[in-house]
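The file structure.cif comes next; it holds mmCIF, C-alpha atoms.
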```
data_run
loop_
_atom_site.group_PDB
_atom_site.id
_atom_site.type_symbol
_atom_site.label_atom_id
_atom_site.label_comp_id
_atom_site.auth_asym_id
_atom_site.auth_seq_id
_atom_site.Cartn_x
_atom_site.Cartn_y
_atom_site.Cartn_z
ATOM 1 C CA MET A 1 0.000 0.000 0.000
ATOM 2 C CA SER A 2 1.467 3.329 -1.014
ATOM 3 C CA GLU A 3 2.095 6.090 1.525
ATOM 4 C CA PRO A 4 -0.646 8.462 0.184
ATOM 5 C CA ILE A 5 -3.222 5.738 0.842
ATOM 6 C CA LEU A 6 -1.954 5.204 4.397
ATOM 7 C CA GLU A 7 -2.024 8.964 4.953
ATOM 8 C CA ASN A 8 -5.608 9.076 3.669
ATOM 9 C CA ILE A 9 -6.588 6.326 6.112
ATOM 10 C CA ARG A 10 -4.849 8.065 9.021
ATOM 11 C CA THR A 11 -6.316 11.504 8.431
ATOM 12 C CA ARG A 12 -9.974 10.635 7.704
ATOM 13 C CA ARG A 13 -12.356 11.667 10.470
ATOM 14 C CA VAL A 14 -16.074 11.345 11.112
ATOM 15 C CA VAL A 15 -17.438 14.844 10.492
ATOM 16 C CA ARG A 16 -20.650 15.911 12.205
ATOM 17 C CA GLU A 17 -20.818 19.548 11.120
ATOM 18 C CA MET A 18 -20.979 20.381 7.430
ATOM 19 C CA THR A 19 -21.649 23.492 5.358
ATOM 20 C CA ASP A 20 -24.522 23.919 2.866
ATOM 21 C CA GLU A 21 -22.092 23.872 -0.074
ATOM 22 C CA PRO A 22 -23.352 21.289 -2.565
ATOM 23 C CA VAL A 23 -21.308 18.266 -3.580
ATOM 24 C CA ALA A 24 -20.652 18.046 -7.332
ATOM 25 C CA ARG A 25 -22.389 15.210 -9.145
ATOM 26 C CA GLU A 26 -19.036 14.102 -10.625
ATOM 27 C CA GLN A 27 -17.560 13.753 -7.143
ATOM 28 C CA ILE A 28 -20.453 11.573 -6.023
ATOM 29 C CA GLU A 29 -20.054 9.424 -9.108
ATOM 30 C CA THR A 30 -16.327 9.047 -8.368
ATOM 31 C CA ILE A 31 -17.173 7.938 -4.824
ATOM 32 C CA LEU A 32 -19.723 5.401 -6.078
ATOM 33 C CA GLU A 33 -17.215 4.062 -8.589
ATOM 34 C CA ALA A 34 -14.803 3.507 -5.682
ATOM 35 C CA ALA A 35 -17.561 1.747 -3.695
ATOM 36 C CA ARG A 36 -18.081 -0.609 -6.586
ATOM 37 C CA TRP A 37 -14.529 -1.899 -5.960
ATOM 38 C CA ALA A 38 -15.096 -2.607 -2.257
ATOM 39 C CA PRO A 39 -14.646 -6.284 -1.311
ATOM 40 C CA SER A 40 -17.870 -8.304 -1.382
ATOM 41 C CA GLY A 41 -18.429 -11.758 0.152
ATOM 42 C CA GLY A 42 -18.572 -14.305 -2.665
ATOM 43 C CA ASN A 43 -18.451 -11.321 -5.053
ATOM 44 C CA LEU A 44 -22.263 -11.374 -4.856
ATOM 45 C CA ARG A 45 -22.589 -7.560 -4.685
ATOM 46 C CA PRO A 46 -25.878 -7.316 -2.746
ATOM 47 C CA ASN A 47 -25.325 -3.601 -1.964
ATOM 48 C CA ARG A 48 -27.369 -0.947 -3.706
ATOM 49 C CA TYR A 49 -26.728 2.777 -3.294
ATOM 50 C CA ILE A 50 -29.283 5.549 -3.172
ATOM 51 C CA VAL A 51 -28.100 9.142 -3.507
ATOM 52 C CA ILE A 52 -30.240 11.834 -1.894
ATOM 53 C CA GLN A 53 -29.581 15.515 -2.598
ATOM 54 C CA ASN A 54 -33.079 16.998 -2.675
ATOM 55 C CA PRO A 55 -33.224 19.375 0.343
ATOM 56 C CA GLU A 56 -36.755 18.457 1.437
ATOM 57 C CA THR A 57 -36.071 14.720 1.187
ATOM 58 C CA ARG A 58 -32.906 15.202 3.223
ATOM 59 C CA ARG A 59 -34.835 17.166 5.824
ATOM 60 C CA LEU A 60 -37.436 14.434 6.220
ATOM 61 C CA ILE A 61 -34.743 11.750 6.423
ATOM 62 C CA ARG A 62 -33.048 13.730 9.166
ATOM 63 C CA LEU A 63 -36.290 13.985 11.123
ATOM 64 C CA VAL A 64 -36.520 10.186 11.385
ATOM 65 C CA SER A 65 -32.776 9.800 12.002
ATOM 66 C CA PRO A 66 -31.981 10.746 15.596
ATOM 67 C CA GLY A 67 -28.305 9.922 14.998
ATOM 68 C CA MET A 68 -27.955 12.241 12.008
ATOM 69 C CA PHE A 69 -26.466 15.386 13.517
ATOM 70 C CA GLN A 70 -25.072 16.555 10.186
ATOM 71 C CA LYS A 71 -27.071 18.692 7.790
ATOM 72 C CA ALA A 72 -25.209 17.166 4.883
ATOM 73 C CA PRO A 73 -25.821 18.321 1.296
ATOM 74 C CA ALA A 74 -25.624 14.740 0.041
ATOM 75 C CA LEU A 75 -26.532 11.377 1.514
ATOM 76 C CA ILE A 76 -25.565 7.974 0.206
ATOM 77 C CA LEU A 77 -27.785 5.230 1.574
ATOM 78 C CA ILE A 78 -26.282 1.750 1.470
ATOM 79 C CA CYS A 79 -29.040 -0.827 1.011
ATOM 80 C CA THR A 80 -28.977 -4.603 0.857
ATOM 81 C CA ASN A 81 -31.000 -5.951 -2.053
ATOM 82 C CA GLY A 82 -32.951 -8.982 -0.805
ATOM 83 C CA ASP A 83 -33.455 -10.219 -4.354
ATOM 84 C CA VAL A 84 -29.716 -10.950 -4.587
ATOM 85 C CA LEU A 85 -29.898 -12.879 -1.304
ATOM 86 C CA ALA A 86 -32.869 -14.920 -2.488
ATOM 87 C CA GLU A 87 -31.104 -15.688 -5.751
ATOM 88 C CA HIS A 88 -28.213 -17.231 -3.798
ATOM 89 C CA SER A 89 -30.321 -18.746 -0.980
ATOM 90 C CA LEU A 90 -28.703 -16.474 1.617
ATOM 91 C CA PRO A 91 -30.616 -15.560 4.802
ATOM 92 C CA PRO A 92 -30.904 -11.831 5.593
ATOM 93 C CA THR A 93 -28.865 -12.554 8.740
ATOM 94 C CA ASP A 94 -25.828 -13.822 6.825
ATOM 95 C CA ARG A 95 -22.864 -12.013 8.360
ATOM 96 C CA ALA A 96 -21.227 -11.535 4.965
ATOM 97 C CA LEU A 97 -23.882 -8.873 4.356
ATOM 98 C CA LEU A 98 -22.659 -6.836 7.319
ATOM 99 C CA ILE A 99 -19.103 -7.146 6.028
ATOM 100 C CA ASP A 100 -20.199 -5.890 2.611
ATOM 101 C CA ILE A 101 -21.882 -2.875 4.190
ATOM 102 C CA GLY A 102 -18.727 -2.178 6.221
ATOM 103 C CA THR A 103 -16.305 -2.450 3.326
ATOM 104 C CA ALA A 104 -18.530 -0.236 1.169
ATOM 105 C CA ALA A 105 -18.911 2.350 3.934
ATOM 106 C CA GLN A 106 -15.185 2.614 4.581
ATOM 107 C CA THR A 107 -14.413 2.771 0.868
ATOM 108 C CA ILE A 108 -16.989 5.565 0.400
ATOM 109 C CA MET A 109 -15.552 7.567 3.314
ATOM 110 C CA LEU A 110 -11.944 7.139 2.163
ATOM 111 C CA ALA A 111 -12.885 8.086 -1.406
ATOM 112 C CA ALA A 112 -14.700 11.187 -0.137
ATOM 113 C CA HIS A 113 -11.651 12.130 1.948
ATOM 114 C CA ALA A 114 -9.382 11.647 -1.063
ATOM 115 C CA LEU A 115 -11.555 14.164 -2.938
ATOM 116 C CA GLY A 116 -11.300 16.681 -0.091
ATOM 117 C CA LEU A 117 -14.827 16.002 1.127
ATOM 118 C CA ALA A 118 -16.062 15.299 4.654
ATOM 119 C CA SER A 119 -18.116 12.251 5.546
ATOM 120 C CA GLY A 120 -19.821 10.558 8.460
ATOM 121 C CA PRO A 121 -21.753 7.312 8.850
ATOM 122 C CA VAL A 122 -25.211 7.153 10.444
ATOM 123 C CA THR A 123 -26.998 3.989 11.554
ATOM 124 C CA SER A 124 -29.374 5.510 14.124
ATOM 125 C CA TYR A 125 -32.561 5.946 12.112
ATOM 126 C CA SER A 126 -35.871 4.198 11.721
ATOM 127 C CA LYS A 127 -35.569 1.752 8.843
ATOM 128 C CA GLU A 128 -39.331 1.612 8.450
ATOM 129 C CA ALA A 129 -39.681 5.394 8.282
ATOM 130 C CA VAL A 130 -36.824 5.642 5.772
ATOM 131 C CA LYS A 131 -38.480 2.980 3.591
ATOM 132 C CA VAL A 132 -41.680 5.046 3.515
ATOM 133 C CA ILE A 133 -39.965 8.387 2.837
ATOM 134 C CA LEU A 134 -37.840 6.994 -0.018
ATOM 135 C CA ASN A 135 -40.548 4.651 -1.321
ATOM 136 C CA LEU A 136 -37.964 1.852 -1.341
ATOM 137 C CA PRO A 137 -38.684 -1.360 -3.226
ATOM 138 C CA GLU A 138 -39.806 -4.139 -0.875
ATOM 139 C CA SER A 139 -36.539 -6.035 -1.391
ATOM 140 C CA TYR A 140 -34.327 -3.100 -0.306
ATOM 141 C CA SER A 141 -33.177 -2.945 3.313
ATOM 142 C CA PRO A 142 -31.697 0.473 4.260
ATOM 143 C CA GLU A 143 -28.527 -0.374 6.206
ATOM 144 C CA MET A 144 -26.392 2.744 6.581
ATOM 145 C CA PHE A 145 -26.308 6.395 5.563
ATOM 146 C CA ILE A 146 -23.050 8.062 4.680
ATOM 147 C CA CYS A 147 -23.323 11.841 4.933
ATOM 148 C CA ILE A 148 -21.130 13.639 2.393
ATOM 149 C CA GLY A 149 -20.307 17.335 2.352
ATOM 150 C CA HIS A 150 -17.770 19.988 3.234
ATOM 151 C CA LYS A 151 -16.467 20.301 6.766
ATOM 152 C CA ALA A 152 -17.720 23.362 8.622
ATOM 153 C CA ASN A 153 -15.257 25.604 10.393
ATOM 154 C CA THR A 154 -16.151 24.989 13.996
ATOM 155 C CA THR A 155 -14.519 25.343 17.341
ATOM 156 C CA LYS A 156 -16.647 22.531 18.718
ATOM 157 C CA ARG A 157 -14.614 19.579 19.810
ATOM 158 C CA GLY A 158 -15.181 16.081 18.512
ATOM 159 C CA MET A 159 -16.332 13.081 20.522
ATOM 160 C CA THR A 160 -14.010 12.352 23.430
ATOM 161 C CA ALA A 161 -12.400 8.919 23.137
ATOM 162 C CA TRP A 162 -13.673 6.315 25.616
ATOM 163 C CA LYS A 163 -10.110 5.100 25.940
ATOM 164 C CA LYS A 164 -6.962 5.984 24.059
ATOM 165 C CA THR A 165 -5.940 2.972 22.026
ATOM 166 C CA SER A 166 -3.056 2.036 19.792
ATOM 167 C CA TRP A 167 -3.084 -0.875 17.391
ATOM 168 C CA ARG A 168 -1.050 -2.779 19.974
ATOM 169 C CA ASP A 169 -3.932 -2.567 22.451
ATOM 170 C CA LEU A 170 -6.160 -4.212 19.883
ATOM 171 C CA THR A 171 -3.840 -6.972 18.768
ATOM 172 C CA HIS A 172 -2.682 -10.317 20.099
ATOM 173 C CA TRP A 173 0.075 -12.245 18.333
ATOM 174 C CA GLU A 174 -0.316 -15.972 17.820
ATOM 175 C CA ARG A 175 -1.974 -18.527 20.118
ATOM 176 C CA PHE A 176 -3.187 -17.517 23.580
ATOM 177 C CA PRO A 177 -1.285 -19.257 26.399
ATOM 178 C CA ASP A 178 -3.045 -21.939 28.444
ATOM 179 C CA ALA A 179 -4.646 -20.603 31.606
ATOM 180 C CA MET B 1 -48.002 29.027 34.229
ATOM 181 C CA SER B 2 -47.783 31.023 30.992
ATOM 182 C CA GLU B 3 -50.439 30.296 28.383
ATOM 183 C CA ASN B 4 -48.306 31.373 25.406
ATOM 184 C CA TRP B 5 -48.444 29.134 22.317
ATOM 185 C CA VAL B 6 -44.780 28.565 21.511
ATOM 186 C CA LEU B 7 -44.740 25.602 19.114
ATOM 187 C CA LYS B 8 -46.092 25.405 15.565
ATOM 188 C CA GLU B 9 -47.804 22.230 14.372
ATOM 189 C CA ASP B 10 -44.983 21.349 11.943
ATOM 190 C CA GLU B 11 -42.423 21.806 14.713
ATOM 191 C CA ALA B 12 -44.436 19.596 17.048
ATOM 192 C CA ILE B 13 -44.720 16.855 14.416
ATOM 193 C CA GLU B 14 -40.971 17.045 13.842
ATOM 194 C CA LEU B 15 -40.364 16.599 17.544
ATOM 195 C CA LEU B 16 -42.753 13.636 17.614
ATOM 196 C CA ALA B 17 -40.798 12.093 14.724
ATOM 197 C CA LEU B 18 -37.603 12.362 16.756
ATOM 198 C CA LEU B 19 -39.186 10.891 19.895
ATOM 199 C CA ILE B 20 -40.930 7.990 18.143
ATOM 200 C CA THR B 21 -37.949 6.985 16.006
ATOM 201 C CA SER B 22 -35.661 7.337 19.030
ATOM 202 C CA ALA B 23 -37.893 4.956 20.993
ATOM 203 C CA ARG B 24 -37.594 2.361 18.242
ATOM 204 C CA ILE B 25 -33.866 2.558 17.626
ATOM 205 C CA GLN B 26 -33.114 2.653 21.346
ATOM 206 C CA MET B 27 -34.235 -0.980 21.539
ATOM 207 C CA GLU B 28 -31.078 -1.922 19.645
ATOM 208 C CA GLU B 29 -28.609 0.717 20.800
ATOM 209 C CA PRO B 30 -26.387 1.038 23.887
ATOM 210 C CA ALA B 31 -28.198 2.187 27.030
ATOM 211 C CA HIS B 32 -26.129 5.375 27.273
ATOM 212 C CA TYR B 33 -27.653 6.531 23.967
ATOM 213 C CA GLY B 34 -30.975 6.987 25.796
ATOM 214 C CA PRO B 35 -29.915 10.250 27.486
ATOM 215 C CA LEU B 36 -28.362 11.355 24.198
ATOM 216 C CA ARG B 37 -31.687 11.061 22.373
ATOM 217 C CA LEU B 38 -33.606 12.817 25.129
ATOM 218 C CA LEU B 39 -31.085 15.643 25.150
ATOM 219 C CA THR B 40 -31.265 15.941 21.363
ATOM 220 C CA ALA B 41 -35.036 16.324 21.719
ATOM 221 C CA THR B 42 -34.478 18.906 24.461
ATOM 222 C CA GLU B 43 -32.124 20.912 22.280
ATOM 223 C CA ARG B 44 -34.483 20.827 19.277
ATOM 224 C CA LEU B 45 -37.522 21.757 21.361
ATOM 225 C CA SER B 46 -35.579 24.605 22.964
ATOM 226 C CA SER B 47 -34.541 25.873 19.506
ATOM 227 C CA ALA B 48 -38.108 25.630 18.227
ATOM 228 C CA ILE B 49 -39.727 27.590 21.039
ATOM 229 C CA ILE B 50 -37.119 30.133 22.138
ATOM 230 C CA GLU B 51 -38.300 32.908 19.797
ATOM 231 C CA ARG B 52 -41.865 32.774 21.142
ATOM 232 C CA ALA B 53 -41.021 31.915 24.744
ATOM 233 C CA SER B 54 -41.323 34.417 27.588
ATOM 234 C CA GLU B 55 -38.377 36.070 29.297
ATOM 235 C CA LYS B 56 -38.871 33.675 32.198
ATOM 236 C CA SER B 57 -37.714 30.751 30.059
ATOM 237 C CA ARG B 58 -35.306 32.265 27.602
ATOM 238 C CA ASP B 59 -32.033 31.911 29.512
ATOM 239 C CA PHE B 60 -32.818 28.304 30.271
ATOM 240 C CA LEU B 61 -33.643 27.551 26.618
ATOM 241 C CA GLN B 62 -30.539 29.363 25.367
ATOM 242 C CA ALA B 63 -28.358 27.368 27.771
ATOM 243 C CA ASN B 64 -29.852 24.131 26.444
ATOM 244 C CA ILE B 65 -29.107 25.132 22.857
ATOM 245 C CA GLU B 66 -25.538 26.107 23.663
ATOM 246 C CA ARG B 67 -24.534 23.390 26.111
ATOM 247 C CA ILE B 68 -26.194 20.191 24.949
ATOM 248 C CA PRO B 69 -24.115 19.632 21.774
ATOM 249 C CA ASP B 70 -20.958 19.864 23.881
ATOM 250 C CA MET B 71 -22.404 17.469 26.446
ATOM 251 C CA HIS B 72 -22.871 14.834 23.731
ATOM 252 C CA MET B 73 -19.139 14.905 23.118
ATOM 253 C CA GLN B 74 -18.443 14.200 26.797
ATOM 254 C CA MET B 75 -20.381 10.948 27.013
ATOM 255 C CA SER B 76 -17.214 8.962 27.607
ATOM 256 C CA ASP B 77 -16.533 10.958 30.795
ATOM 257 C CA THR B 78 -19.406 9.592 32.863
ATOM 258 C CA ASP B 79 -18.807 11.866 35.853
ATOM 259 C CA ALA B 80 -18.715 15.040 33.740
ATOM 260 C CA TYR B 81 -21.778 13.874 31.812
ATOM 261 C CA ALA B 82 -23.723 13.243 35.015
ATOM 262 C CA ALA B 83 -22.607 16.616 36.394
ATOM 263 C CA GLY B 84 -23.826 18.320 33.214
ATOM 264 C CA LEU B 85 -27.193 16.581 33.493
ATOM 265 C CA ASP B 86 -27.460 17.541 37.174
ATOM 266 C CA GLU B 87 -26.819 21.164 36.204
ATOM 267 C CA LEU B 88 -29.616 20.982 33.615
ATOM 268 C CA CYS B 89 -31.920 19.491 36.246
ATOM 269 C CA ARG B 90 -31.178 22.388 38.606
ATOM 270 C CA ARG B 91 -31.845 24.886 35.828
ATOM 271 C CA VAL B 92 -35.125 23.241 34.879
ATOM 272 C CA ALA B 93 -36.234 23.339 38.524
ATOM 273 C CA GLU B 94 -35.352 27.041 38.741
ATOM 274 C CA THR B 95 -37.308 27.671 35.537
ATOM 275 C CA LEU B 96 -40.304 25.769 36.906
ATOM 276 C CA LEU B 97 -40.213 27.940 40.018
ATOM 277 C CA ARG B 98 -40.132 31.117 37.893
ATOM 278 C CA HIS B 99 -43.223 29.895 36.064
ATOM 279 C CA SER B 100 -44.995 28.612 39.179
ATOM 280 C CA PRO B 101 -43.732 30.458 42.259
ATOM 281 C CA LEU B 102 -44.423 28.533 45.427
ATOM 282 C CA PRO B 103 -46.046 30.291 48.404
ATOM 283 C CA GLU B 104 -43.793 31.351 51.217
ATOM 284 C CA ASP B 105 -43.796 29.048 54.202
ATOM 285 C CA ASP B 106 -46.040 30.787 56.755
ATOM 286 C CA SER B 107 -45.860 28.150 59.470
#
```
Could you quickly redo this structure as structure tokens?
Amino acid sequence: MSEPILENIRTRRVVREMTDEPVAREQIETILEAARWAPSGGNLRPNRYIVIQNPETRRLIRLVSPGMFQKAPALILICTNGDVLAEHSLPPTDRALLIDIGTAAQTIMLAAHALGLASGPVTSYSKEAVKVILNLPESYSPEMFICIGHKANTTKRGMTAWKKTSWRDLTHWERFPDA
Amino acid sequence: MSENWVLKEDEAIELLALLITSARIQMEEPAHYGPLRLLTATERLSSAIIERASEKSRDFLQANIERIPDMHMQMSDTDAYAAGLDELCRRVAETLLRHSPLPEDDS
């Protein structure tokens, strides 16, 4: 992995305050092209992406999303398409689906950061309300929003860490010793 | 108590949306998110009504708008978070007393 990619990974942050400045359509398309290359279990590609830029739609989405603190000019909703699961006899609880959502989300956020954009994931929303507002097909399950925009200049501090961690705190090498 | 109307119907529906969806998602989220959702509702309600609220409430509402976003960021410091909530509780009690003064003890 080249150093610019590592630097991109290190410097990306979850941004919760964004300006009203719109995100260019070409930038969103570049981000979605990157998401298409995210790893997918069995290469089944059950993810579907819905882009929301209409201000009133975004406002309504925010009203049923208690965890969406951003007023982002663009939202990308990652959905799982149940038709793909049915085609491959996969249950909706298959953990590969969660992995696909995670790899897509991180790829979207890194791509946004590479383009100089801010991003932040949101999972605290009512799935049922979002389905109604977006008139989603029955087979689509709305799994995660990624807010995309431009970082606001703010003096507000970010979320305080629960505990400072390094990669060493998170890692164990080889087999655990017997008790 | 004041009889001022301070909330428009759209604003009330928006607050209901926040409360109802919070109730649902809280079933699957960490317990400490409960206070977060209630405080978010407090901040939004304060923002919605401050322009039409009486002088008796305005300082309290302004403090909610200014302080609650910072409190969210302190969730990992349980003691500071609890202290911030206690301070809000004292302020709400003081505001209640301004709206409904209690009679002096004449015993």
Minimum-distance residue to chain B, chosen among A:Val64, A:Ile108, A:Leu170, A:Ile133 (using all atoms listed in the file):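 Among the listed residues, the smallest separation from chain B belongs to A:Val64.
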Could you write out as number ranges by chain the residues that the PyMOL selection byres ((chain B) within 6 of (chain A)) matches in the shown file? B: 17-18, 21, 73-74, 76
Just the residues within 12 Å of Ala53 in chain B, please, counting only C-alpha atoms, with nothing from its chain fewer than 4 positions along; format it as a PyMOL selection string. chain B and resi 2-7+45-49+57-62+99
Name the closest residue to Ile68 in chain B among the candidates B:Met27, B:Leu15, B:Leu88, B:Ala93; distances are taken between atoms, counting all atoms listed in the file.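 Among B:Met27, B:Leu15, B:Leu88, B:Ala93, it is B:Leu88 that comes nearest to Ile68 in chain B.
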Selection dump of the PyMOL selection byres ((chain A and resi 121) around 9), as a PyMOL selection string: chain A and resi 14-15+68+105+109+119-120+122-123+144-147
What residues come out when you apply the PyMOL selection byres ((chain A and resi 31) around 9) to this file, written as a PyMOL selection string? chain A and resi 26-30+32-36+107-112+115
Store the residues picked out above in a file with C-alpha atoms, as an mmCIF file, in the frame of the given file.
```
data_model
loop_
_atom_site.group_PDB
_atom_site.id
_atom_site.type_symbol
_atom_site.label_atom_id
_atom_site.label_comp_id
_atom_site.auth_asym_id
_atom_site.auth_seq_id
_atom_site.Cartn_x
_atom_site.Cartn_y
_atom_site.Cartn_z
ATOM 1 C CA GLU A 26 -19.036 14.102 -10.625
ATOM 2 C CA GLN A 27 -17.560 13.753 -7.143
ATOM 3 C CA ILE A 28 -20.453 11.573 -6.023
ATOM 4 C CA GLU A 29 -20.054 9.424 -9.108
ATOM 5 C CA THR A 30 -16.327 9.047 -8.368
ATOM 6 C CA LEU A 32 -19.723 5.401 -6.078
ATOM 7 C CA GLU A 33 -17.215 4.062 -8.589
ATOM 8 C CA ALA A 34 -14.803 3.507 -5.682
ATOM 9 C CA ALA A 35 -17.561 1.747 -3.695
ATOM 10 C CA ARG A 36 -18.081 -0.609 -6.586
ATOM 11 C CA THR A 107 -14.413 2.771 0.868
ATOM 12 C CA ILE A 108 -16.989 5.565 0.400
ATOM 13 C CA MET A 109 -15.552 7.567 3.314
ATOM 14 C CA LEU A 110 -11.944 7.139 2.163
ATOM 15 C CA ALA A 111 -12.885 8.086 -1.406
ATOM 16 C CA ALA A 112 -14.700 11.187 -0.137
ATOM 17 C CA LEU A 115 -11.555 14.164 -2.938
#
```
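Shortest separation to Ala31 in chain B among B:Ala63, B:Ser54, B:Met75, B:Leu96 occurs at residue B:Met75, atoms counted being all atoms listed in the file.
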Which centre and edge lengths in Å to one decimal define the box along x, y and z that fits every listed atom of range 22-32 of chain B plus 8 Å per side, as JSON?
```
{"center_x": -32.0, "center_y": 2.7, "center_z": 22.4, "size_x": 27.8, "size_y": 25.3, "size_z": 25.6}
```
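Among B:Thr95, B:Lys8, B:Glu29, B:Ala23, the residue with the shortest atom-to-atom distance to Glu51 in chain B, counting all atoms listed in the file, is B:Lys8.
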